[in-house]
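Report on the following structure.
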2 protein chains.
Amino acid sequence: MSSPIYGAIEAGGTKFVVALATGPNEILARTTLPTATPPETLAAVVAFLNQAEDKHGKLSSLGVASFGPIDLHLESPTYGYITSTPKAAWTQTNILGVLKESFSVPMGFDTDVNGAALAECRWGAAQSVDSCLYITVGTGIGGGFACGSRTLQGLVHPEMGHVRIQQLPQDEFPGVCPFHQNACVEGLASGPALEKRWGCPGHELPPEHEAWTLQVDYLAQALVNMIVVLSPECVVLGGGVMKQSHLFPPLRIRVQELLNGYLEAPQILEENQDYIVPPLLGDNAGLLGALTLGMDAG
Amino acid sequence: MSSPIYGAIEAGGTKFVVALATGPNEILARTTLPTATPPETLAAVVAFLNQAEDKHGKLSSLGVASFGPIDLHLESPTYGYITSTPKAAWTQTNILGVLKESFSVPMGFDTDVNGAALAECRWGAAQSVDSCLYITVGTGIGGGFACGSRTLQGLVHPEMGHVRIQQLPQDEFPGVCPFHQNACVEGLASGPALEKRWGCPGHELPPEHEAWTLQVDYLAQALVNMIVVLSPECVVLGGGVMKQSHLFPPLRIRVQELLNGYLEAPQILEENQDYIVPPLLGDNAGLLGALTLGMDAG
């Protein structure tokens, strides 16, 4: 008997990555589609999966890891919807409903960052431990948390980019968060905050630029707040801004300084280069998150 | 056949509460013991449970909800220990090991605040939802989180009292946290912080005292950080300081102000008197937490 085939959809704000796979290392077909309007994009997703099924065989289940906010309450009338996103065209989009019209298979649905946390837990940087906090630092800042095969959901789902931090005295930037201005980490340390503060995208700033001193402090403050609340066994930082790999060593040191000996765990207090890490799955963390959701739904 | 009998031990820094029960409303025997040295206190706990067993019947399982830090890693050689507590006599105390010498029954073990979160989820303020954040504001500030029948454990366990918050400009108090001084909520808003800042215990300050303006702001900042990370469906605030019930209405308002419309959940945005609440189980939250741990272990 052949292996079950899973569908995986990473639904992002700028692109959708869609794949058919039998496992994380066995991608049978894969494509990237621009995030246009919901009818256009979802039709292209369905067409791609249909074609891939014709070639490789029928899906046994499907996972969707989506940008948000999304409705994760199974009993809610809008379960499976993207709800009040700033991307206006996608507001109140029944993404899971559209997919269910074309595929009668079990579906898993979660946030992109919860999916990535799950994938890093299963196959990535956190595979030797039980829990993973996954933070993406890019256009926005978001966080997901997985413990074993479960992710953190709740009233809504975590919105960790809005953790409050303290602006440094030398920084008079007003912040970019439309809700909290310069009071939350997304307002001070997202990609757009970097670009607006310094007049160019972060990847154009040299490693010795003072931008990174602020960036390290702000991310460290946010990580400390997340760590004391969640007590994760591994912290994975992905997203465009974290491609600046020179950020990791000073970030690890600053987290230790701020914790100041609190939390008696050698992972944090002694050496934490295995504790605060880039995604082992790299740019595939999101897609493999969707795949994990699909496999677990099947 | 008679109902199973459970043992429950709430191990606190100043007192132990011990009970034999068949359920949350059926306490068969109960006592309160001072927290002296580990040999003294644990001998008294065992003696009480033995006597209660003679009268009511044998325990089928036992739950322990303890002050911490404690070791919750099942595979660790110090699982079941109170580890590096500031209460020197209790450092590296094998509390579960001592109990196992006297009782050969399944045992549940967790932090006092995780136990309280579990009990409020099962029988208390969060019984109609799936998840509960429980915060105690007293000698220290601690937090626990339960989702269904599971609690949040991880690298250590949550240490939410050390969430970083921003001191208000009019407040020059240096803080009482030995690790983070005035940078965390425990340093600025615990019972000892109140007493040291104002020269008398919080319960002696009238409701209109400026102390409470600071207290509300600091607790609200901390709650916002916890809420955006955990997305709990109910937030229960217990502990000595929260007996000042006048704190709840302004605290709910300040949390809304700080979130500033973010998190599209009517529980938070419209009316949140059912979202941020005192423990429905009152002073029994800790003991019933231990009972819940015992019932789940059986």
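Residues in the structure tokens are named by chain (A, B, ... in the order shown) and by number from 1 within that chain; ligands are numbered from 1 in the order shown.
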At a cut-off of 6 Å, which residues of chain B touch chain A? Count only C-alpha atoms and give the answer as a ChimeraX atom specification. /B:154-155,157-160,163,179,225,228-233,260
Non-local contacts of Ile70 (chain A) (7 Å; only C-alpha atoms; under 3 positions in same chain excluded) as number ranges by chain: A: 80-83
Selection above as a file: all heavy atoms, as an mmCIF file, in the first residue's frame:
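Everything below was put into result_6.cif:
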data_model
loop_
_atom_site.group_PDB
_atom_site.id
_atom_site.type_symbol
_atom_site.label_atom_id
_atom_site.label_comp_id
_atom_site.auth_asym_id
_atom_site.auth_seq_id
_atom_site.Cartn_x
_atom_site.Cartn_y
_atom_site.Cartn_z
ATOM 1 N N GLY A 80 -12.744 28.536 10.739
ATOM 2 C CA GLY A 80 -12.090 28.350 9.447
ATOM 3 C C GLY A 80 -12.015 29.615 8.616
ATOM 4 O O GLY A 80 -11.553 29.594 7.478
ATOM 5 N N TYR A 81 -12.474 30.723 9.198
ATOM 6 C CA TYR A 81 -12.410 32.018 8.506
ATOM 7 C C TYR A 81 -11.129 32.768 8.876
ATOM 8 O O TYR A 81 -10.666 32.684 10.022
ATOM 9 C CB TYR A 81 -13.561 32.937 8.955
ATOM 10 C CG TYR A 81 -14.899 32.688 8.306
ATOM 11 C CD1 TYR A 81 -15.507 31.437 8.370
ATOM 12 C CD2 TYR A 81 -15.587 33.726 7.668
ATOM 13 C CE1 TYR A 81 -16.757 31.225 7.807
ATOM 14 C CE2 TYR A 81 -16.839 33.521 7.109
ATOM 15 C CZ TYR A 81 -17.424 32.270 7.177
ATOM 16 O OH TYR A 81 -18.663 32.072 6.635
ATOM 17 N N ILE A 82 -10.603 33.515 7.904
ATOM 18 C CA ILE A 82 -9.751 34.649 8.226
ATOM 19 C C ILE A 82 -10.711 35.767 8.620
ATOM 20 O O ILE A 82 -11.671 36.038 7.894
ATOM 21 C CB ILE A 82 -8.889 35.059 7.018
ATOM 22 C CG1 ILE A 82 -7.883 33.941 6.705
ATOM 23 C CG2 ILE A 82 -8.170 36.382 7.284
ATOM 24 C CD1 ILE A 82 -7.078 34.163 5.433
ATOM 25 N N THR A 83 -10.515 36.385 9.766
ATOM 26 C CA THR A 83 -11.539 37.311 10.279
ATOM 27 C C THR A 83 -11.223 38.779 9.965
ATOM 28 O O THR A 83 -11.473 39.236 8.858
ATOM 29 C CB THR A 83 -11.780 37.074 11.784
ATOM 30 O OG1 THR A 83 -10.549 37.226 12.488
ATOM 31 C CG2 THR A 83 -12.339 35.681 12.040
#
Between CA of Val45 (chain A) and CA of Phe67 (chain A), distance in Å (one decimal): 15.7 Å
When distances are computed from only C-alpha atoms, which of B:Arg122, B:Thr139, B:Pro169, B:Pro207 shows the smallest separation from Leu280 (chain B)? B:Arg122
Would you mind listing what lies within 9 Å of Leu287 (chain A) as a ChimeraX atom specification, with only C-alpha atoms counted and same-chain residues fewer than 4 positions away left out? /A:8-11,17-19,64-65,112,115-116,119,283,291-292
